[in-house]
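Content type compact mmCIF, C-alpha atoms, from the file my_file16.txt:
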```txt
# COMPACT_ATOMS: atom_id res chain seq x y z
CA MET A 1 81.81 21.26 122.90
CA LYS A 2 83.71 24.51 122.77
CA LYS A 3 84.68 23.91 119.15
CA LYS A 4 81.04 23.32 118.16
CA THR A 5 79.98 26.51 119.94
CA ILE A 6 82.66 28.50 118.11
CA LYS A 7 81.59 26.98 114.76
CA TYR A 8 77.93 27.77 115.44
CA SER A 9 78.86 31.33 116.42
CA ILE A 10 80.87 31.84 113.24
CA ALA A 11 78.09 30.38 111.12
CA THR A 12 75.52 32.59 112.84
CA ILE A 13 77.65 35.69 112.20
CA ILE A 14 78.03 34.78 108.52
CA ILE A 15 74.29 34.15 108.13
CA LEU A 16 73.41 37.42 109.87
CA PHE A 17 75.88 39.28 107.67
CA LEU A 18 74.38 37.78 104.51
CA VAL A 19 70.85 38.60 105.71
CA TYR A 20 71.99 42.15 106.43
CA GLN A 21 73.54 42.47 102.95
CA ILE A 22 70.39 41.13 101.30
CA ASN A 23 68.21 43.53 103.32
CA VAL A 24 70.42 46.45 102.34
CA GLY A 25 70.30 45.36 98.74
CA LEU A 26 66.54 44.97 98.76
CA ALA A 27 66.15 48.33 100.48
CA LEU A 28 68.05 49.96 97.62
CA GLY A 29 65.96 48.10 95.06
CA ILE A 30 65.85 44.52 93.86
CA ASP A 31 67.19 45.58 90.46
CA THR A 32 70.30 47.25 91.86
CA PHE A 33 70.91 44.29 94.16
CA PHE A 34 71.02 41.77 91.32
CA ILE A 35 72.94 44.06 88.95
CA ASN A 36 75.73 44.35 91.50
CA LEU A 37 75.94 40.56 91.86
CA PHE A 38 77.43 40.34 88.38
CA PRO A 39 81.19 40.85 87.90
CA ARG A 40 82.32 44.03 86.21
CA THR A 41 84.08 44.05 82.87
CA LYS A 42 87.86 43.96 83.01
CA LEU A 43 89.62 47.31 82.73
CA PRO A 44 91.27 47.69 79.27
CA SER A 45 95.02 47.17 79.47
CA GLU A 46 95.88 50.63 78.11
CA LEU A 47 94.20 52.21 81.17
CA VAL A 48 95.95 50.18 83.85
CA ASP A 49 98.81 52.69 84.15
CA TYR A 50 96.51 55.72 84.67
CA LYS A 51 97.28 57.37 88.03
CA ASN A 52 95.53 59.91 90.19
CA LEU A 53 96.35 63.48 89.17
CA SER A 54 98.41 64.00 92.34
CA GLU A 55 100.69 61.13 91.27
CA VAL A 56 101.44 62.39 87.75
CA LYS A 57 104.77 64.24 87.54
CA LYS A 58 105.57 64.17 83.83
CA PHE A 59 103.87 63.40 80.53
CA GLY A 60 105.53 63.75 77.14
CA ASN A 61 107.48 67.01 77.11
CA HIS A 62 105.45 68.48 79.98
CA ASP A 63 105.98 68.58 83.72
CA ILE A 64 103.14 68.89 86.21
CA THR A 65 103.96 70.29 89.64
CA LEU A 66 101.91 70.88 92.76
CA PHE A 67 101.78 74.64 93.31
CA HIS A 68 99.58 74.55 96.40
CA LYS A 69 98.40 71.59 98.47
CA GLY A 70 94.79 72.01 99.47
CA GLY A 71 93.03 71.47 102.76
CA ALA A 72 89.56 71.53 104.26
CA TYR A 73 89.82 75.32 104.63
CA ASN A 74 90.51 75.88 100.93
CA PHE A 75 87.02 76.57 99.67
CA ASN A 76 88.18 78.36 96.52
CA PHE A 77 91.09 79.67 94.50
CA GLN A 78 91.15 82.98 92.68
CA VAL A 79 93.31 83.74 89.65
CA LEU A 80 93.48 87.28 88.25
CA SER A 81 95.18 88.45 85.09
CA ILE A 82 97.41 91.43 85.96
CA SER A 83 98.92 92.01 82.50
CA ASN A 84 99.64 90.08 79.31
CA ASP A 85 102.46 88.12 80.95
CA LYS A 86 101.67 88.15 84.67
CA ILE A 87 98.93 86.67 86.82
CA MET A 88 98.05 86.66 90.51
CA VAL A 89 96.92 83.58 92.44
CA LYS A 90 95.08 83.78 95.77
CA VAL A 91 95.06 80.78 98.07
CA ILE A 92 94.07 80.22 101.67
CA THR A 93 97.11 78.89 103.51
CA LYS A 94 95.76 78.47 107.03
CA THR A 95 92.57 78.56 109.06
CA GLU A 96 91.95 79.12 112.76
CA ALA A 97 88.68 78.68 114.61
CA PHE A 98 87.36 81.49 116.77
CA ASP A 99 84.62 81.67 119.37
CA HIS A 100 83.68 85.09 120.66
CA GLY A 101 80.85 83.71 122.77
CA GLY A 102 77.12 84.19 122.46
CA GLY A 103 76.97 81.93 119.42
CA ASN A 104 79.49 84.08 117.51
CA SER A 105 81.91 81.45 116.23
CA GLY A 106 83.53 80.69 112.90
CA SER A 107 86.91 80.68 111.18
CA ASN A 108 89.69 83.15 110.49
CA PHE A 109 91.67 82.61 107.29
CA SER A 110 95.26 83.41 106.33
CA ASN A 111 95.32 84.40 102.64
CA THR A 112 98.42 84.52 100.44
CA LEU A 113 98.66 86.23 97.07
CA PHE A 114 101.32 85.00 94.63
CA LYS A 115 102.41 87.10 91.67
CA LEU A 116 103.71 84.86 88.86
CA ASP A 117 105.61 85.74 85.69
CA SER A 118 105.06 84.13 82.29
CA PHE A 119 107.19 81.10 83.26
CA GLY A 120 105.29 80.41 86.48
CA LYS A 121 108.04 81.84 88.71
CA VAL A 122 106.83 83.53 91.89
CA LEU A 123 107.90 87.19 91.74
CA ASP A 124 106.40 88.42 95.00
CA THR A 125 103.88 87.53 97.70
CA THR A 126 101.71 89.35 100.18
CA THR A 127 99.40 88.12 102.92
CA PHE A 128 96.28 89.25 104.74
CA LYS A 129 93.66 87.77 107.05
CA THR A 130 89.94 87.43 106.53
CA SER A 131 87.14 85.94 108.57
CA SER A 132 83.76 84.30 108.23
CA SER A 133 82.44 86.87 110.72
CA ASP A 134 80.74 90.03 109.44
CA GLN A 135 82.14 91.81 112.49
CA SER A 136 85.69 90.67 111.91
CA GLU A 137 88.61 92.70 113.20
CA PHE A 138 90.14 92.20 109.74
CA GLY A 139 87.32 93.90 107.89
CA ASP A 140 85.98 92.75 104.53
CA ILE A 141 88.92 92.21 102.16
CA VAL A 142 88.28 91.34 98.50
CA LEU A 143 90.12 91.53 95.19
CA LEU A 144 88.54 94.17 92.95
CA ASN A 145 89.84 95.98 89.89
CA LYS A 146 93.22 94.22 90.30
CA GLN A 147 93.53 95.72 93.77
CA ILE A 148 93.26 94.49 97.36
CA VAL A 149 90.26 96.34 98.78
CA ASN A 150 89.06 96.43 102.38
CA LYS A 151 85.43 97.52 102.12
CA ALA A 152 84.98 97.68 105.91
CA PHE A 153 88.01 99.75 106.88
CA LEU A 154 87.94 101.75 103.63
CA TYR A 155 91.44 101.28 102.28
CA TYR A 156 92.98 99.64 99.22
CA GLN A 157 96.39 98.41 98.05
CA THR A 158 97.70 98.53 94.48
CA TRP A 159 100.24 95.73 95.07
CA PRO A 160 98.88 93.43 92.33
CA ALA A 161 99.65 96.02 89.65
CA ASP A 162 102.68 97.91 90.99
CA GLY A 163 104.01 96.07 94.05
CA ASN A 164 103.02 98.84 96.45
CA LYS A 165 101.79 97.31 99.73
CA ALA A 166 100.89 100.65 101.34
CA LYS A 167 97.29 101.03 102.49
CA GLN A 168 95.64 103.95 100.72
CA ALA A 169 92.49 105.42 102.25
CA PHE A 170 89.23 105.86 100.35
CA ILE A 171 88.46 109.47 99.48
CA ALA A 172 85.78 110.63 101.92
CA ILE A 173 82.91 112.74 100.56
CA ASN A 174 80.50 114.59 102.90
CA LYS A 175 82.18 113.18 106.02
CA ASP A 176 81.02 116.27 107.93
CA LEU A 177 77.42 115.53 106.82
CA THR A 178 76.78 119.12 105.65
CA TRP A 179 75.36 118.35 102.20
CA THR A 180 71.66 118.85 101.60
CA THR A 181 69.43 116.02 100.43
CA GLU A 182 69.19 117.68 97.01
CA ARG A 183 72.96 117.98 96.64
CA LEU A 184 73.46 114.36 97.70
CA SER A 185 70.90 113.14 95.18
CA LYS A 186 72.36 115.19 92.35
CA TYR A 187 75.91 114.04 93.10
CA TYR A 188 74.82 110.40 93.38
CA TYR A 189 72.93 110.25 90.07
CA ASN A 190 75.13 112.59 88.00
CA THR A 191 78.57 111.57 89.23
CA ILE A 192 78.44 108.14 90.86
CA VAL A 193 75.85 106.25 88.82
CA SER A 194 76.98 107.65 85.47
CA ASN A 195 80.75 107.26 85.99
CA SER A 196 81.50 104.50 88.50
CA ILE A 197 82.34 100.91 87.55
CA TYR A 198 81.66 99.65 91.06
CA LEU A 199 79.27 100.85 93.76
CA GLU A 200 77.37 99.40 96.69
CA PRO A 201 75.62 100.51 99.87
CA PHE A 202 77.83 100.84 102.94
CA TYR A 203 76.81 101.24 106.58
CA ALA A 204 79.46 103.02 108.64
CA TRP A 205 78.67 101.24 111.92
CA ARG A 206 82.33 101.14 112.96
CA ASP A 207 82.64 104.94 112.99
CA ASP A 208 81.43 106.32 116.32
CA SER A 209 81.90 109.91 115.11
CA ILE A 210 78.86 109.55 112.81
CA PRO A 211 75.37 109.65 114.37
CA VAL A 212 73.54 106.33 114.09
CA GLY A 213 70.83 107.79 111.85
CA LYS A 214 73.41 109.17 109.39
CA ARG A 215 75.56 106.10 108.79
CA ALA A 216 73.98 104.99 105.49
CA SER A 217 76.67 105.56 102.82
CA ILE A 218 77.91 104.49 99.38
CA VAL A 219 81.33 103.09 98.42
CA TYR A 220 82.26 103.43 94.76
CA TYR A 221 85.15 103.39 92.28
CA VAL A 222 85.49 106.25 89.80
CA ASN A 223 88.44 107.98 88.07
CA ASN A 224 90.81 105.27 89.31
CA GLN A 225 90.02 106.11 92.94
CA TRP A 226 87.97 104.51 95.68
CA HIS A 227 85.49 106.82 97.42
CA VAL A 228 82.92 106.75 100.20
CA LEU A 229 79.93 109.11 100.19
CA TYR A 230 78.43 109.55 103.66
CA GLY A 231 74.91 110.36 104.85
CA VAL A 232 72.97 109.33 101.77
CA GLY A 233 69.73 108.14 103.36
CA SER A 234 67.61 105.07 102.66
CA ALA A 235 66.32 106.07 99.21
CA ILE A 236 69.81 106.36 97.67
CA SER A 237 71.02 103.25 99.55
CA GLU A 238 68.19 101.19 98.05
CA ASN A 239 68.89 102.56 94.58
CA ALA A 240 72.59 101.74 94.98
CA ARG A 241 71.71 98.18 95.89
CA ILE A 242 69.74 97.86 92.64
CA GLN A 243 72.35 99.69 90.55
CA SER A 244 75.16 97.51 91.90
CA ASN A 245 73.74 94.42 90.20
CA ASP A 246 74.63 95.95 86.82
CA HIS A 247 77.59 98.16 87.64
CA ASN A 248 79.61 95.61 89.56
CA LYS A 249 79.54 93.06 86.75
CA LYS A 250 82.31 95.06 85.11
CA ILE A 251 84.91 94.08 87.70
CA ILE A 252 83.33 91.71 90.23
CA ASN A 253 84.01 88.51 88.25
CA GLU A 254 87.73 88.92 87.65
CA ASN A 255 88.57 85.32 88.48
CA VAL A 256 89.90 83.86 85.22
CA LEU A 257 89.66 80.20 86.29
CA SER A 258 87.05 78.49 84.16
CA ASP A 259 85.86 75.10 82.94
CA ILE A 260 88.23 72.98 80.89
CA PRO A 261 87.32 73.61 77.20
CA ASN A 262 85.35 70.85 75.51
CA ASP A 263 88.03 70.33 72.89
CA LYS A 264 90.67 69.76 75.58
CA ILE A 265 89.07 67.25 77.94
CA LYS A 266 87.92 63.80 76.88
CA ILE A 267 86.62 60.88 78.91
CA LYS A 268 88.57 57.93 77.62
CA TYR A 269 86.64 55.41 79.70
CA TYR A 270 84.21 55.15 82.60
CA GLN A 271 84.69 52.12 84.81
CA LYS A 272 81.37 51.22 86.43
CA LEU A 273 81.94 49.87 89.90
CA LYS A 274 78.56 49.90 91.60
CA TYR A 275 74.99 50.58 90.59
CA GLU A 276 72.99 52.30 93.30
CA SER A 277 69.56 53.71 93.93
CA ASN A 278 68.07 56.03 96.45
CA MET A 279 64.63 57.22 97.44
CA ALA A 280 63.97 60.94 97.13
CA GLY A 281 61.82 62.46 99.85
CA GLN A 282 58.20 63.38 99.40
CA THR A 283 57.24 67.05 99.05
CA GLN A 284 53.90 68.82 98.82
CA SER A 285 54.02 68.69 95.04
CA ASN A 286 55.85 65.41 94.44
CA SER A 287 55.48 61.81 95.55
CA PRO A 288 58.53 59.77 96.62
CA TYR A 289 60.50 58.36 93.72
CA THR A 290 63.63 56.25 93.22
CA TYR A 291 66.62 57.57 91.31
CA TYR A 292 69.54 55.53 90.04
CA TYR A 293 73.22 56.26 89.58
CA TRP A 294 76.55 54.57 88.96
CA GLN A 295 79.61 54.95 91.14
CA GLY A 296 82.85 54.50 89.24
CA ILE A 297 86.19 55.78 88.01
CA ALA A 298 86.62 58.16 85.08
CA TYR A 299 89.74 57.87 82.93
CA ILE A 300 90.53 61.31 81.60
CA ASN A 301 92.64 62.74 78.77
CA ILE A 302 93.50 66.45 78.54
CA ALA A 303 95.30 67.66 75.43
CA PHE A 304 98.42 69.86 75.74
CA ALA A 305 99.96 70.67 72.35
CA LYS A 306 101.21 67.30 71.07
CA ASP A 307 101.09 65.67 74.50
CA THR A 308 98.20 64.25 76.52
CA LEU A 309 97.79 64.40 80.28
CA LYS A 310 96.27 61.09 81.36
CA PHE A 311 94.87 60.44 84.82
CA LYS A 312 91.93 58.88 86.62
CA LYS A 313 89.31 60.36 88.92
CA GLU A 314 87.75 58.11 91.52
CA ASP A 315 84.28 58.39 93.03
CA VAL A 316 82.65 59.86 89.94
CA TYR A 317 78.88 59.51 90.18
CA LEU A 318 76.86 59.27 87.00
CA ASP A 319 73.15 59.98 87.37
CA ASP A 320 70.93 57.64 85.41
CA TYR A 321 67.57 59.43 85.30
CA ASP A 322 66.89 59.17 81.59
CA ASN A 323 67.59 55.87 79.92
CA LYS A 324 68.31 53.48 82.83
CA GLU A 325 71.72 52.49 81.48
CA ARG A 326 71.90 49.45 83.74
CA SER A 327 74.27 47.40 81.62
CA ILE A 328 77.38 46.18 83.41
CA TYR A 329 79.25 46.66 80.15
CA ASP A 330 81.25 49.85 79.70
CA SER A 331 81.99 51.85 76.60
CA THR A 332 83.11 55.39 75.85
CA SER A 333 79.73 56.10 74.27
CA ASP A 334 77.58 55.28 77.31
CA ASN A 335 76.27 58.61 78.55
CA LYS A 336 79.48 60.22 77.32
CA GLN A 337 78.24 63.78 77.52
CA LYS A 338 76.98 63.27 81.06
CA MET A 339 80.32 61.85 82.10
CA GLU A 340 82.28 64.73 80.61
CA ASN A 341 80.01 67.32 82.22
CA SER A 342 80.22 65.54 85.57
CA VAL A 343 84.01 65.37 85.45
CA LYS A 344 84.47 68.95 84.22
CA GLU A 345 82.67 70.24 87.28
CA LYS A 346 85.42 68.76 89.42
CA TYR A 347 88.21 70.90 87.91
CA SER A 348 89.02 74.50 87.10
CA TYR A 349 91.40 75.58 84.36
CA TYR A 350 93.37 78.59 83.15
CA PHE A 351 95.33 79.00 79.93
CA ASN A 352 96.81 82.12 78.35
CA PRO A 353 98.89 81.99 75.14
CA ASN A 354 101.22 84.63 76.61
CA LEU A 355 102.11 82.34 79.52
CA LYS A 356 104.35 79.29 79.40
CA PHE A 357 102.20 77.29 81.79
CA THR A 358 98.62 76.19 82.41
CA ILE A 359 96.82 76.01 85.75
CA ILE A 360 94.55 73.14 86.80
CA SER A 361 92.82 73.02 90.17
CA ASP A 362 91.15 69.95 91.61
CA ASN A 363 88.00 71.35 93.18
CA GLU A 364 87.62 68.38 95.56
CA THR A 365 91.15 67.94 96.93
CA LYS A 366 91.76 71.71 96.59
CA ASN A 367 95.15 71.06 95.02
CA LEU A 368 96.48 73.59 92.49
CA TYR A 369 98.81 72.37 89.73
CA LEU A 370 101.05 74.09 87.17
CA VAL A 371 101.58 72.33 83.85
CA LYS A 372 104.74 73.50 82.04
CA LYS A 373 106.31 72.50 78.75
```
Structure translated into structure tokens:
Amino acid sequence: MKKKTIKYSIATIIILFLVYQINVGLALGIDTFFINLFPRTKLPSELVDYKNLSEVKKFGNHDITLFHKGGAYNFNFQVLSISNDKIMVKVITKTEAFDHGGGNSGSNFSNTLFKLDSFGKVLDTTTFKTSSSDQSEFGDIVLLNKQIVNKAFLYYQTWPADGNKAKQAFIAINKDLTWTTERLSKYYYNTIVSNSIYLEPFYAWRDDSIPVGKRASIVYYVNNQWHVLYGVGSAISENARIQSNDHNKKIINENVLSDIPNDKIKIKYYQKLKYESNMAGQTQSNSPYTYYYWQGIAYINIAFAKDTLKFKKEDVYLDDYDNKERSIYDSTSDNKQKMENSVKEKYSYYFNPNLKFTIISDNETKNLYLVKK
């Protein structure tokens, strides 16, 4: 009797599981359900040995080494060119949660800057802390004009260029608030706007020596010096906000990491694993609709001189809005451009002919690799 009960229980579980699977499949769409019943094509033999990027150590005459292992706190890397044969790499090496009460919580970050020579050797390092809080005790530290600049505490360091870690104060203009409105306006338009390569509004709320109504200011970079002009008033602050959109383009985007060039990266193969669909929500202007996509593995080749870096990237999703490429058969021509664009978004790349190495970052794992001949 017990044996029959156990058999019935097992059979019931199996039937319920199959019913559940069918319901899930039908919920995603009858077409996707039946497509996924068919077996996938066998992976070509020449791709069997492709490994994940983290597992590749050598290819041809090139070595690939992990420069920095990522983590959940690594939301970006920054690479700056210091000179023809030196670069600087900024990574986040640690994060710590904070909770100051009253809903003021977030993360503090430990940042490390590495200065590398043309062979990828680390010449020097420096560290600083930043925070997700606007009221951080660390201030607002950014990399601007190949310098480490604290825009909250008004100091900068020239370490990236010359190795000097000393904190140099911004030059204060009108700190005693004696300038007239006319003089401030003339100085702003004739000196700051016409000569600076970086400017933005600044509110000196940390400085108790300045009356609350006089704290509107401007920080700017001119004649190789950082300055702060105090007591400018709302009209100049608003103009500076508008001006900054154009001025700051000259140095704000110094990060030299970019997309892998089209002539370097090729999708050798896309292995379709599962065809899926999902229902997009209804909005005031659109009715609900179903969109389709493949989940699979991309097999990638990146050219380096006469060698080729070969690796695979799992969990690559290929949208299928246009031509409903529902075939279970795979080829390098199926949506090739879409695949390459999708994969390229997952990596960042830096190459300089004056350097003996190339940098590749995996934007999902947050790992940073050096490729050397």
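Proximity to Lys313 of chain A was assessed for A:Tyr299, A:Phe98, A:Trp294, A:Phe77 counting only C-alpha atoms; the smallest distance is recorded for A:Tyr299.
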Between atom CA of Ala240 of chain A and atom CA of Thr178 of chain A - distance in Å to one decimal: 20.8 Å
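With distances restricted to all atoms listed in the file, A:Ile87 is the closest residue to Val122 of chain A from A:Ile87, A:Ile236, A:Glu46, A:Ala166.
With only C-alpha atoms as the atoms that count, the residue of A:Ile173, A:Lys266, A:Asn190, A:Asp207 with the shortest distance to Val228 of chain A is A:Ile173.
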Neighbour list for Tyr293 of chain A as JSON, numbers by chain, cut-off 7 Å, all atoms listed in the file, skip fewer than 6 positions in-chain: {"A": [275, 276, 277, 317, 318, 319, 320]}
Let's have the selection written as a tab-separated table (two decimals), in the frame of the given file, with C-alpha atoms.
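Below you can see selection30.tsv, which holds the result:
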```
chain	number	residue	atom	x	y	z
A	275	TYR	CA	74.99	50.58	90.59
A	276	GLU	CA	72.99	52.30	93.30
A	277	SER	CA	69.56	53.71	93.93
A	317	TYR	CA	78.88	59.51	90.18
A	318	LEU	CA	76.86	59.27	87.00
A	319	ASP	CA	73.15	59.98	87.37
A	320	ASP	CA	70.93	57.64	85.41
```
Distance of atom CA of Tyr155 of chain A from atom CA of Lys121 of chain A, expressed in Å to one decimal place: 28.9 Å
Using all atoms listed in the file, what table do you get, as JSON lines, when you list each residue of segment 93-183 of chain A with an atom no more than 8 Å from segment 350-359 of chain A, its nearest pair of atoms, and their distance in Å rounded to one decimal, rows by chain then rising number?
```
{"residue": "A:Asp117", "atom": "CA", "partner": "A:Leu355", "partner_atom": "CA", "distance": 7.9}
{"residue": "A:Ser118", "atom": "CA", "partner": "A:Leu355", "partner_atom": "CA", "distance": 4.4}
{"residue": "A:Phe119", "atom": "CA", "partner": "A:Lys356", "partner_atom": "CA", "distance": 5.1}
{"residue": "A:Gly120", "atom": "CA", "partner": "A:Phe357", "partner_atom": "CA", "distance": 6.4}
```
Take the selection from the previous step and output its residues with C-alpha atoms, as a PDB file, in the frame of the given file.
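The resulting part.pdb:
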```
ATOM      1  CA  ASP A 117     105.610  85.740  85.690  1.00  0.00           C
ATOM      2  CA  SER A 118     105.060  84.130  82.290  1.00  0.00           C
ATOM      3  CA  PHE A 119     107.190  81.100  83.260  1.00  0.00           C
ATOM      4  CA  GLY A 120     105.290  80.410  86.480  1.00  0.00           C
TER       5      GLY A 120
END
```
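With atom CA of Lys165 of chain A on one side and atom CA of Thr126 of chain A on the other, the separation reads 8.0 Å.
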Contacts of Ser217 of chain A within 7 Å, only C-alpha atoms, excl. fewer than 2 positions in-chain, as a list in words: Pro201, Phe202, Tyr203, Ala204, Arg215, Val219, Val228, Leu229, Tyr230, Gly231, Val232 and Ser237 of chain A
Next, the residues of the selection above should be written as an mmCIF file, in the frame of the given file with C-alpha atoms.
```cif
data_model
loop_
_atom_site.group_PDB
_atom_site.id
_atom_site.type_symbol
_atom_site.label_atom_id
_atom_site.label_comp_id
_atom_site.auth_asym_id
_atom_site.auth_seq_id
_atom_site.Cartn_x
_atom_site.Cartn_y
_atom_site.Cartn_z
ATOM 1 C CA PRO A 201 75.620 100.510 99.870
ATOM 2 C CA PHE A 202 77.830 100.840 102.940
ATOM 3 C CA TYR A 203 76.810 101.240 106.580
ATOM 4 C CA ALA A 204 79.460 103.020 108.640
ATOM 5 C CA ARG A 215 75.560 106.100 108.790
ATOM 6 C CA VAL A 219 81.330 103.090 98.420
ATOM 7 C CA VAL A 228 82.920 106.750 100.200
ATOM 8 C CA LEU A 229 79.930 109.110 100.190
ATOM 9 C CA TYR A 230 78.430 109.550 103.660
ATOM 10 C CA GLY A 231 74.910 110.360 104.850
ATOM 11 C CA VAL A 232 72.970 109.330 101.770
ATOM 12 C CA SER A 237 71.020 103.250 99.550
#
```
Spatial neighbours of Ser258 of chain A, max dist 10 Å, all atoms listed in the file, sep filter under 5 positions, as JSON, numbers by chain: {"A": [79, 344, 345, 347, 348, 349, 350, 351, 360, 361]}
Nearby residues (all atoms listed in the file) at most 12 Å from Lys268 of chain A, same-chain spacing under 2 positions excluded, as a PyMOL selection string: chain A and resi 43-44+46-47+50+265-266+270-271+297-302+308-313+330-334+336-337+339-340+343
Top pick for closest residue to Lys366 of chain A, considering A:Asn224, A:Asn108, A:Ser131, A:Ser54 and counting all atoms listed in the file: A:Ser54
Neighbour list for Ser110 of chain A as number ranges by chain, cut-off 10 Å, only C-alpha atoms, skip fewer than 3 positions in-chain: A: 73, 91-96, 127-131
Counting all atoms listed in the file, the option among A:Leu144, A:Ile218, A:Ala305, A:Val316 closest to Thr158 of chain A: A:Leu144
Report, as lines of an AutoDock Vina configuration file, the axis-aligned box around all atoms of segment 59-73 of chain A present in the file, extended by 3 Å on each side; give centre and edge lengths in Å to one decimal place.
```
center_x = 98.5
center_y = 69.4
center_z = 90.9
size_x = 23.9
size_y = 17.9
size_z = 33.5
```
